[in-house]
>>> print(open('final32.csv').read())   # CSV, C-alpha atoms and all ligand atoms
chain,number,residue,atom,x,y,z
R,1,MET,CA,12.0,-18.3,-25.7
R,2,ALA,CA,10.0,-17.8,-22.6
R,3,ASP,CA,6.6,-19.3,-22.4
R,4,VAL,CA,3.9,-16.9,-23.5
R,5,GLU,CA,1.2,-18.8,-21.5
R,6,ALA,CA,3.3,-18.4,-18.3
R,7,MET,CA,3.7,-14.7,-19.1
R,8,LEU,CA,-0.1,-14.4,-19.6
R,9,ALA,CA,-0.6,-16.0,-16.2
R,10,HIS,CA,1.9,-13.7,-14.6
R,11,TRP,CA,0.1,-10.7,-16.1
R,12,ALA,CA,-3.3,-12.0,-15.2
R,13,GLU,CA,-2.2,-12.5,-11.6
R,14,ARG,CA,-1.0,-9.0,-11.2
R,15,ALA,CA,-3.3,-7.0,-13.5
R,16,GLY,CA,-5.9,-6.3,-10.8
R,17,PRO,CA,-8.3,-4.5,-10.6
R,18,HIS,CA,-6.6,-2.6,-7.7
R,19,PRO,CA,-8.8,-0.5,-5.5
R,20,ASP,CA,-7.8,3.1,-4.5
R,21,GLY,CA,-5.1,2.9,-1.9
R,22,ALA,CA,-4.1,-0.6,-2.6
R,23,MET,CA,-0.4,-1.6,-2.8
R,24,LEU,CA,0.4,-2.6,-6.4
R,25,PRO,CA,2.4,-5.7,-7.2
R,26,PRO,CA,6.0,-5.3,-8.4
R,27,HIS,CA,6.6,-5.6,-12.1
R,28,HIS,CA,8.5,-8.8,-11.3
R,29,GLU,CA,10.7,-10.0,-8.5
R,30,GLN,CA,14.0,-8.8,-10.0
R,31,CYS,CA,12.9,-5.4,-11.4
R,32,LEU,CA,15.5,-2.8,-10.7
R,33,GLY,CA,12.9,-0.3,-9.6
R,34,CYS,CA,10.5,-2.4,-7.5
R,35,GLY,CA,11.6,-6.1,-7.4
R,36,PRO,CA,11.9,-7.3,-3.8
R,37,ASP,CA,14.6,-9.9,-4.8
R,38,ASN,CA,16.9,-7.5,-6.6
R,39,ALA,CA,19.8,-6.8,-4.2
R,40,HIS,CA,20.8,-3.7,-6.2
R,41,GLY,CA,17.2,-2.4,-6.6
R,42,HIS,CA,15.2,0.4,-5.2
R,43,HIS,CA,12.5,-1.8,-3.8
R,44,LEU,CA,9.8,0.7,-4.5
R,45,GLN,CA,6.5,0.1,-2.8
R,46,VAL,CA,3.8,1.7,-4.8
R,47,ASN,CA,0.2,2.4,-4.0
R,48,ARG,CA,-2.7,3.4,-6.2
R,49,ARG,CA,-3.8,6.9,-5.4
R,50,GLY,CA,-7.0,7.8,-7.2
R,51,ASP,CA,-6.2,7.8,-10.9
R,52,GLY,CA,-2.5,7.9,-10.2
R,53,VAL,CA,0.2,6.0,-8.3
R,54,ALA,CA,2.4,7.1,-5.4
R,55,ALA,CA,5.4,5.9,-3.4
R,56,ASP,CA,7.8,7.2,-0.7
R,57,HIS,CA,11.4,6.6,-1.3
R,58,VAL,CA,14.8,7.0,0.4
R,59,PHE,CA,17.9,6.8,-1.7
R,60,ASP,CA,20.9,5.2,0.0
R,61,ASP,CA,24.7,5.1,-0.5
R,62,ARG,CA,24.4,2.8,-3.5
R,63,HIS,CA,22.7,5.6,-5.4
R,64,VAL,CA,25.2,8.4,-4.9
R,65,GLY,CA,26.6,10.5,-7.6
R,66,ALA,CA,28.3,13.6,-6.2
R,67,PRO,CA,29.0,13.2,-2.5
R,68,GLY,CA,25.7,13.1,-0.7
R,69,VAL,CA,23.7,13.7,-3.9
R,70,VAL,CA,21.7,11.0,-5.6
R,71,HIS,CA,22.9,10.1,-9.1
R,72,GLY,CA,20.7,11.4,-11.9
R,73,GLY,CA,20.4,7.9,-13.4
R,74,ALA,CA,19.0,6.6,-10.1
R,75,VAL,CA,16.4,9.5,-10.0
R,76,ALA,CA,15.5,8.6,-13.6
R,77,THR,CA,15.2,4.9,-12.6
R,78,VAL,CA,12.6,5.5,-9.9
R,79,LEU,CA,10.6,8.0,-11.9
R,80,ASP,CA,10.5,5.6,-14.8
R,81,ASP,CA,9.6,2.6,-12.7
R,82,LEU,CA,6.9,4.5,-10.8
R,83,SER,CA,5.4,5.6,-14.1
R,84,GLY,CA,5.5,2.0,-15.2
R,85,PHE,CA,3.0,1.2,-12.4
R,86,LEU,CA,0.3,3.1,-14.2
R,87,LEU,CA,0.1,0.1,-16.5
R,88,TYR,CA,-1.9,-1.6,-13.7
R,89,LEU,CA,-4.5,1.2,-14.0
R,90,VAL,CA,-4.4,1.4,-17.8
R,91,GLY,CA,-4.9,-2.4,-17.8
R,92,THR,CA,-2.3,-3.5,-20.3
R,93,PRO,CA,1.5,-4.2,-20.3
R,94,ALA,CA,3.5,-1.2,-21.6
R,95,VAL,CA,7.1,-0.1,-21.9
R,96,THR,CA,8.8,3.3,-21.8
R,97,ARG,CA,9.4,4.7,-25.3
R,98,GLN,CA,10.6,8.0,-24.1
R,99,LEU,CA,11.6,9.5,-20.7
R,100,THR,CA,12.5,13.1,-20.1
R,101,VAL,CA,13.7,14.2,-16.6
R,102,ASP,CA,14.0,17.7,-15.2
R,103,TYR,CA,16.4,17.9,-12.3
R,104,LEU,CA,15.2,21.0,-10.4
R,105,SER,CA,17.3,20.6,-7.2
R,106,PRO,CA,19.8,18.1,-5.8
R,107,VAL,CA,18.2,15.0,-4.6
R,108,LEU,CA,19.8,13.9,-1.3
R,109,VAL,CA,20.8,10.5,0.0
R,110,GLY,CA,19.0,9.5,3.2
R,111,VAL,CA,16.1,11.9,2.8
R,112,THR,CA,12.5,10.7,2.3
R,113,TYR,CA,10.9,11.8,-1.0
R,114,ARG,CA,7.3,11.4,-2.1
R,115,MET,CA,6.7,10.4,-5.7
R,116,GLU,CA,3.6,10.6,-7.8
R,117,ALA,CA,2.7,9.7,-11.3
R,118,ARG,CA,-0.4,10.0,-13.5
R,119,VAL,CA,-1.5,9.5,-17.0
R,120,THR,CA,-2.0,12.9,-18.7
R,121,SER,CA,-3.4,11.6,-22.0
R,122,ARG,CA,-3.9,8.6,-24.2
R,123,GLU,CA,-3.6,8.2,-27.9
R,124,ASP,CA,-4.1,4.8,-29.5
R,125,ARG,CA,-1.3,2.6,-28.2
R,126,LYS,CA,0.5,5.4,-26.4
R,127,PHE,CA,-0.1,6.9,-23.0
R,128,PHE,CA,1.6,10.0,-21.8
R,129,VAL,CA,2.7,10.2,-18.1
R,130,ALA,CA,3.8,13.0,-15.8
R,131,ALA,CA,5.7,12.2,-12.5
R,132,THR,CA,7.1,14.2,-9.7
R,133,LEU,CA,9.6,13.7,-6.9
R,134,SER,CA,9.1,16.0,-3.9
R,135,ASP,CA,10.4,16.4,-0.4
R,136,LEU,CA,8.1,16.2,2.6
R,137,ASP,CA,7.8,20.0,2.7
R,138,GLY,CA,6.2,19.7,-0.7
R,139,CYS,CA,9.2,21.1,-2.7
R,140,THR,CA,9.4,19.4,-6.0
R,141,VAL,CA,13.0,18.4,-6.8
R,142,ALA,CA,12.6,16.5,-10.0
R,143,THR,CA,9.8,15.9,-12.6
R,144,SER,CA,9.5,13.6,-15.6
R,145,THR,CA,7.4,13.1,-18.6
R,146,ALA,CA,7.2,9.8,-20.5
R,147,VAL,CA,5.7,8.1,-23.4
R,148,PHE,CA,4.6,4.5,-22.8
R,149,VAL,CA,3.7,2.2,-25.6
R,150,THR,CA,1.3,-0.7,-24.9
R,151,VAL,CA,2.7,-4.1,-25.8
R,152,GLY,CA,1.4,-7.7,-25.7
R,153,VAL,CA,3.0,-10.2,-23.4
R,154,GLU,CA,4.8,-11.5,-26.6
R,155,HIS,CA,7.0,-8.5,-26.3
R,156,PHE,CA,8.5,-9.9,-23.0
R,157,ALA,CA,8.5,-13.5,-24.3
R,158,ARG,CA,10.5,-12.4,-27.3
R,159,HIS,CA,13.0,-10.3,-25.4
R,160,GLY,CA,13.5,-12.1,-22.1
R,161,ALA,CA,12.2,-14.0,-19.2
R,162,VAL,CA,9.8,-12.7,-16.6
R,163,SER,CA,11.6,-14.1,-13.5
R,164,GLY,CA,14.6,-16.2,-12.9
R,165,GLY,CA,16.6,-17.3,-15.9
R,166,SER,CA,18.7,-15.1,-18.2
R,167,PRO,CA,17.3,-12.8,-20.7
R,168,THR,CA,17.1,-14.1,-24.2
R,169,PRO,CA,20.1,-12.6,-26.2
R,170,PRO,CA,19.0,-10.2,-28.9
R,171,VAL,CA,18.8,-11.6,-32.4
R,172,ALA,CA,20.6,-9.4,-34.9
R,173,ASP,CA,17.7,-9.0,-37.3
R,174,ASP,CA,15.0,-8.9,-34.7
R,175,HIS,CA,16.1,-6.1,-32.4
R,176,ARG,CA,12.7,-4.3,-32.9
R,177,ASP,CA,9.3,-5.7,-32.7
R,178,SER,CA,7.8,-6.5,-36.0
R,179,GLY,CA,4.7,-4.4,-36.6
R,180,ARG,CA,2.5,-3.1,-33.9
R,181,GLU,CA,2.1,-5.3,-30.9
R,182,GLY,CA,-1.4,-6.0,-29.7
R,183,ALA,CA,-2.3,-5.1,-26.2
R,184,VAL,CA,-3.4,-7.9,-23.8
R,185,GLY,CA,-5.6,-6.0,-21.4
R,186,GLN,CA,-8.5,-3.7,-22.0
R,187,GLN,CA,-8.5,0.0,-21.2
R,188,ARG,CA,-10.1,0.8,-17.9
R,189,GLY,CA,-10.7,4.4,-18.4
Q,201,LIG,C1,4.2,-10.5,-18.9
Q,201,LIG,C2,3.8,-9.3,-18.4
Q,201,LIG,C3,4.9,-8.7,-17.6
Q,201,LIG,C4,4.4,-7.4,-17.2
Q,201,LIG,C5,5.6,-6.6,-16.7
Q,201,LIG,C6,5.5,-5.2,-17.2
Q,201,LIG,C7,6.9,-4.7,-17.1
Q,201,LIG,C8,6.9,-3.2,-17.3
Q,201,LIG,C9,8.2,-2.8,-16.6
Q,201,LIG,C10,8.1,-1.3,-16.5
Q,201,LIG,C11,9.4,-0.9,-15.9
Q,201,LIG,C12,9.7,0.6,-16.1
Q,201,LIG,C13,9.6,0.9,-17.6
Q,201,LIG,C14,10.8,0.3,-18.3
Q,201,LIG,O1,11.9,0.3,-17.9
Q,201,LIG,S1,10.4,-0.4,-19.8
Q,201,LIG,C15,12.0,-0.8,-20.5
Q,201,LIG,C16,12.6,0.2,-21.4
Q,201,LIG,N1,11.8,0.4,-22.6
Q,201,LIG,C17,12.0,-0.5,-23.6
Q,201,LIG,O2,12.7,-1.5,-23.6
Q,201,LIG,C18,11.2,-0.2,-24.9
Q,201,LIG,C19,12.1,-0.4,-26.1
Q,201,LIG,N2,11.3,0.0,-27.3
Q,201,LIG,C20,10.6,-0.9,-28.0
Q,201,LIG,O3,10.6,-2.1,-27.7
Q,201,LIG,C21,9.8,-0.4,-29.2
Q,201,LIG,O4,10.0,0.9,-29.4
Q,201,LIG,C22,8.2,-0.6,-29.0
Q,201,LIG,C23,7.9,-2.2,-29.1
Q,201,LIG,C24,7.7,-0.1,-27.7
Q,201,LIG,C25,7.5,0.0,-30.1
Q,201,LIG,O5,8.1,-0.2,-31.3
Q,201,LIG,P1,7.5,0.2,-32.7
Q,201,LIG,O6,8.5,0.0,-33.7
Q,201,LIG,O7,6.2,-0.5,-32.9
Q,201,LIG,O8,7.1,1.7,-32.6
Q,201,LIG,P2,8.1,3.0,-32.4
Q,201,LIG,O9,9.1,2.7,-31.3
Q,201,LIG,O10,8.7,3.5,-33.6
Q,201,LIG,O11,7.1,4.1,-31.9
Q,201,LIG,C26,6.0,3.9,-31.0
Q,201,LIG,C27,5.1,5.1,-30.9
Q,201,LIG,O12,5.7,6.1,-30.0
Q,201,LIG,C28,5.7,7.3,-30.7
Q,201,LIG,N3,6.7,8.2,-30.1
Q,201,LIG,C29,8.0,7.9,-30.0
Q,201,LIG,N4,8.6,8.9,-29.3
Q,201,LIG,C30,7.7,9.8,-29.1
Q,201,LIG,C31,7.7,11.1,-28.4
Q,201,LIG,N5,8.8,11.6,-27.9
Q,201,LIG,N6,6.5,11.7,-28.3
Q,201,LIG,C32,5.3,11.2,-28.8
Q,201,LIG,N7,5.3,10.0,-29.4
Q,201,LIG,C33,6.4,9.3,-29.5
Q,201,LIG,C34,5.9,7.0,-32.2
Q,201,LIG,O13,5.5,8.1,-33.0
Q,201,LIG,C35,4.9,5.8,-32.3
Q,201,LIG,O14,3.6,6.3,-32.3
Q,201,LIG,P3,2.4,5.7,-33.2
Q,201,LIG,O15,3.1,5.6,-34.6
Q,201,LIG,O16,2.0,4.4,-32.6
Q,201,LIG,O17,1.3,6.7,-33.2
>>> encode(input="final32.csv", output="structure tokens")
Amino acid sequence: MADVEAMLAHWAERAGPHPDGAMLPPHHEQCLGCGPDNAHGHHLQVNRRGDGVAADHVFDDRHVGAPGVVHGGAVATVLDDLSGFLLYLVGTPAVTRQLTVDYLSPVLVGVTYRMEARVTSREDRKFFVAATLSDLDGCTVATSTAVFVTVGVEHFARHGAVSGGSPTPPVADDHRDSGREGAVGQQRG
């Protein structure tokens, strides 16, 4: 099992606070959405924008579905990952419990898109997120809503390693977290 103290240190290093406009740290180096060391990743670079987060993104040939058109799973990946940066503003680790994507128009390879996400409401350990993907003319081509559930760092210690190493294989009778996990950070508003 990965070391909880190392995870706490990892979280404390990245938790902020982050001023408006600041670039936010990747979730970790290998993250599919934002990890700089993931050769297959999207390498999102995300900034805080007011109470939300924003990033520009260009999909490339690795993300194609129909010719010239970005695969819907790749679109979902970046919307999910961008939404996951709101945890730096909320102040606690969190994971996606539900993600719903509306594909409004084809998303094209090689085109710059602007993405934004914000928390729309909070309820106990859940926060609800809305995100958009728009072209530079302001035309929104995809939107998403998500339910994130706050977790303690133990969640990551139980299920995998933060960086390097292989994820811990799931244990048959421990595939869900027992009880409600405590949050590490405090709400920041
Ligand atoms: C060390 C630090 C590292 C930091 C790195 C950060 C990495 C972040 C990376 C981010 C990368 C990008 C992001 C990623 O890729 S995150 C990776 C993908 N996500 C996951 O792996 C999460 C998998 N799920 C779980 O582990 C469990 O479900 C958890 C532990 C979260 C909760 O399991 P638990 O058994 O305790 O609870 P529950 O699941 O029954 O329910 C939970 C709550 O949710 C409510 N609910 C459910 N559906 C809906 C709905 N549609 N509308 C409204 N509410 C809904 C439900 O009613 C309940 O509410 P309440 O009863 O509490 O009121």
>>> residues_near_point(input="final32.csv", point="(10.9, 22.3, -3.3)", cutoff="12 Å", atoms="all atoms listed in the file", output="short mmCIF file (atom, residue, chain, number, x, y, z; two decimals) with C-alpha atoms, keeping the file's coordinate frame")
data_model
loop_
_atom_site.label_atom_id
_atom_site.label_comp_id
_atom_site.auth_asym_id
_atom_site.auth_seq_id
_atom_site.Cartn_x
_atom_site.Cartn_y
_atom_site.Cartn_z
CA TYR R 103 16.40 17.90 -12.30
CA LEU R 104 15.20 21.00 -10.40
CA SER R 105 17.30 20.60 -7.20
CA PRO R 106 19.80 18.10 -5.80
CA VAL R 107 18.20 15.00 -4.60
CA TYR R 113 10.90 11.80 -1.00
CA ARG R 114 7.30 11.40 -2.10
CA THR R 132 7.10 14.20 -9.70
CA LEU R 133 9.60 13.70 -6.90
CA SER R 134 9.10 16.00 -3.90
CA ASP R 135 10.40 16.40 -0.40
CA LEU R 136 8.10 16.20 2.60
CA ASP R 137 7.80 20.00 2.70
CA GLY R 138 6.20 19.70 -0.70
CA CYS R 139 9.20 21.10 -2.70
CA THR R 140 9.40 19.40 -6.00
CA VAL R 141 13.00 18.40 -6.80
CA ALA R 142 12.60 16.50 -10.00
CA THR R 143 9.80 15.90 -12.60
#
>>> atom_distance(input="final32.csv", atom1="atom P2 of ligand LIG 201 (chain Q)", atom2="atom CA of Val119 of chain R")
19.3 Å
>>> residues_near_ligand(input="final32.csv", ligand="ligand LIG 201 (chain Q)", cutoff="6 Å", atoms="only C-alpha atoms and all ligand atoms", output="list of chain:residue names")
R:Met7, R:Leu8, R:His10, R:Trp11, R:His27, R:Asp80, R:Asp81, R:Gly84, R:Pro93, R:Ala94, R:Val95, R:Thr96, R:Arg97, R:Gln98, R:Arg125, R:Val149, R:Val153, R:Phe156, R:Asp177, R:Gly179, R:Arg180
>>> write_last_selection(input="final32.csv", atoms="C-alpha atoms", output="mmCIF file, in the coordinates of the input")
data_model
loop_
_atom_site.group_PDB
_atom_site.id
_atom_site.type_symbol
_atom_site.label_atom_id
_atom_site.label_comp_id
_atom_site.auth_asym_id
_atom_site.auth_seq_id
_atom_site.Cartn_x
_atom_site.Cartn_y
_atom_site.Cartn_z
ATOM 1 C CA MET R 7 3.700 -14.700 -19.100
ATOM 2 C CA LEU R 8 -0.100 -14.400 -19.600
ATOM 3 C CA HIS R 10 1.900 -13.700 -14.600
ATOM 4 C CA TRP R 11 0.100 -10.700 -16.100
ATOM 5 C CA HIS R 27 6.600 -5.600 -12.100
ATOM 6 C CA ASP R 80 10.500 5.600 -14.800
ATOM 7 C CA ASP R 81 9.600 2.600 -12.700
ATOM 8 C CA GLY R 84 5.500 2.000 -15.200
ATOM 9 C CA PRO R 93 1.500 -4.200 -20.300
ATOM 10 C CA ALA R 94 3.500 -1.200 -21.600
ATOM 11 C CA VAL R 95 7.100 -0.100 -21.900
ATOM 12 C CA THR R 96 8.800 3.300 -21.800
ATOM 13 C CA ARG R 97 9.400 4.700 -25.300
ATOM 14 C CA GLN R 98 10.600 8.000 -24.100
ATOM 15 C CA ARG R 125 -1.300 2.600 -28.200
ATOM 16 C CA VAL R 149 3.700 2.200 -25.600
ATOM 17 C CA VAL R 153 3.000 -10.200 -23.400
ATOM 18 C CA PHE R 156 8.500 -9.900 -23.000
ATOM 19 C CA ASP R 177 9.300 -5.700 -32.700
ATOM 20 C CA GLY R 179 4.700 -4.400 -36.600
ATOM 21 C CA ARG R 180 2.500 -3.100 -33.900
#
>>> closest_residue(input="final32.csv", among="R:Ala12, R:Asn38, R:Phe148, R:Asp20", to="Gly50 of chain R", atoms="only C-alpha atoms")
R:Asp20
>>> atom_distance(input="final32.csv", atom1="atom CA of Ala76 of chain R", atom2="atom CA of Asp102 of chain R")
9.4 Å
>>> closest_residue(input="final32.csv", among="R:Ala55, R:Ala157, R:Leu86, R:Val78", to="His18 of chain R", atoms="only C-alpha atoms")
R:Leu86
>>> atom_distance(input="final32.csv", atom1="atom CA of Ala74 of chain R", atom2="atom CA of Gly152 of chain R")
27.5 Å
>>> closest_residue(input="final32.csv", among="R:Gly110, R:Pro25, R:Gly41, R:Gly91", to="Val69 of chain R", atoms="only C-alpha atoms")
R:Gly110
>>> residues_around(input="final32.csv", residues="Gly65 of chain R", least_positions_apart="2", cutoff="12 Å", atoms="only C-alpha atoms", output="PyMOL selection string")
chain R and resi 59-63+67-75+106-109
>>> residues_near_point(input="final32.csv", point="(6.7, -0.9, -6.0)", cutoff="10 Å", atoms="all atoms listed in the file", output="number ranges by chain")
R: 23-28, 31, 33-36, 42-47, 53-56, 78, 81-82, 84-85
>>> write_last_selection(input="final32.csv", atoms="C-alpha atoms", output="PDB file, in the coordinates of the input")
ATOM      1  CA  MET R  23      -0.400  -1.600  -2.800  1.00  0.00           C
ATOM      2  CA  LEU R  24       0.400  -2.600  -6.400  1.00  0.00           C
ATOM      3  CA  PRO R  25       2.400  -5.700  -7.200  1.00  0.00           C
ATOM      4  CA  PRO R  26       6.000  -5.300  -8.400  1.00  0.00           C
ATOM      5  CA  HIS R  27       6.600  -5.600 -12.100  1.00  0.00           C
ATOM      6  CA  HIS R  28       8.500  -8.800 -11.300  1.00  0.00           C
ATOM      7  CA  CYS R  31      12.900  -5.400 -11.400  1.00  0.00           C
ATOM      8  CA  GLY R  33      12.900  -0.300  -9.600  1.00  0.00           C
ATOM      9  CA  CYS R  34      10.500  -2.400  -7.500  1.00  0.00           C
ATOM     10  CA  GLY R  35      11.600  -6.100  -7.400  1.00  0.00           C
ATOM     11  CA  PRO R  36      11.900  -7.300  -3.800  1.00  0.00           C
ATOM     12  CA  HIS R  42      15.200   0.400  -5.200  1.00  0.00           C
ATOM     13  CA  HIS R  43      12.500  -1.800  -3.800  1.00  0.00           C
ATOM     14  CA  LEU R  44       9.800   0.700  -4.500  1.00  0.00           C
ATOM     15  CA  GLN R  45       6.500   0.100  -2.800  1.00  0.00           C
ATOM     16  CA  VAL R  46       3.800   1.700  -4.800  1.00  0.00           C
ATOM     17  CA  ASN R  47       0.200   2.400  -4.000  1.00  0.00           C
ATOM     18  CA  VAL R  53       0.200   6.000  -8.300  1.00  0.00           C
ATOM     19  CA  ALA R  54       2.400   7.100  -5.400  1.00  0.00           C
ATOM     20  CA  ALA R  55       5.400   5.900  -3.400  1.00  0.00           C
ATOM     21  CA  ASP R  56       7.800   7.200  -0.700  1.00  0.00           C
ATOM     22  CA  VAL R  78      12.600   5.500  -9.900  1.00  0.00           C
ATOM     23  CA  ASP R  81       9.600   2.600 -12.700  1.00  0.00           C
ATOM     24  CA  LEU R  82       6.900   4.500 -10.800  1.00  0.00           C
ATOM     25  CA  GLY R  84       5.500   2.000 -15.200  1.00  0.00           C
ATOM     26  CA  PHE R  85       3.000   1.200 -12.400  1.00  0.00           C
TER      27      PHE R  85
END
>>> residues_around(input="final32.csv", residues="Thr100 of chain R", least_positions_apart="5", cutoff="7 Å", atoms="all atoms listed in the file", output="list of chain:residue names")
R:Ser144, R:Thr145, R:Ala146
>>> closest_residue(input="final32.csv", among="R:Thr150, R:Val101, R:Pro17, R:Asp51", to="Asp124 of chain R", atoms="all atoms listed in the file")
R:Thr150
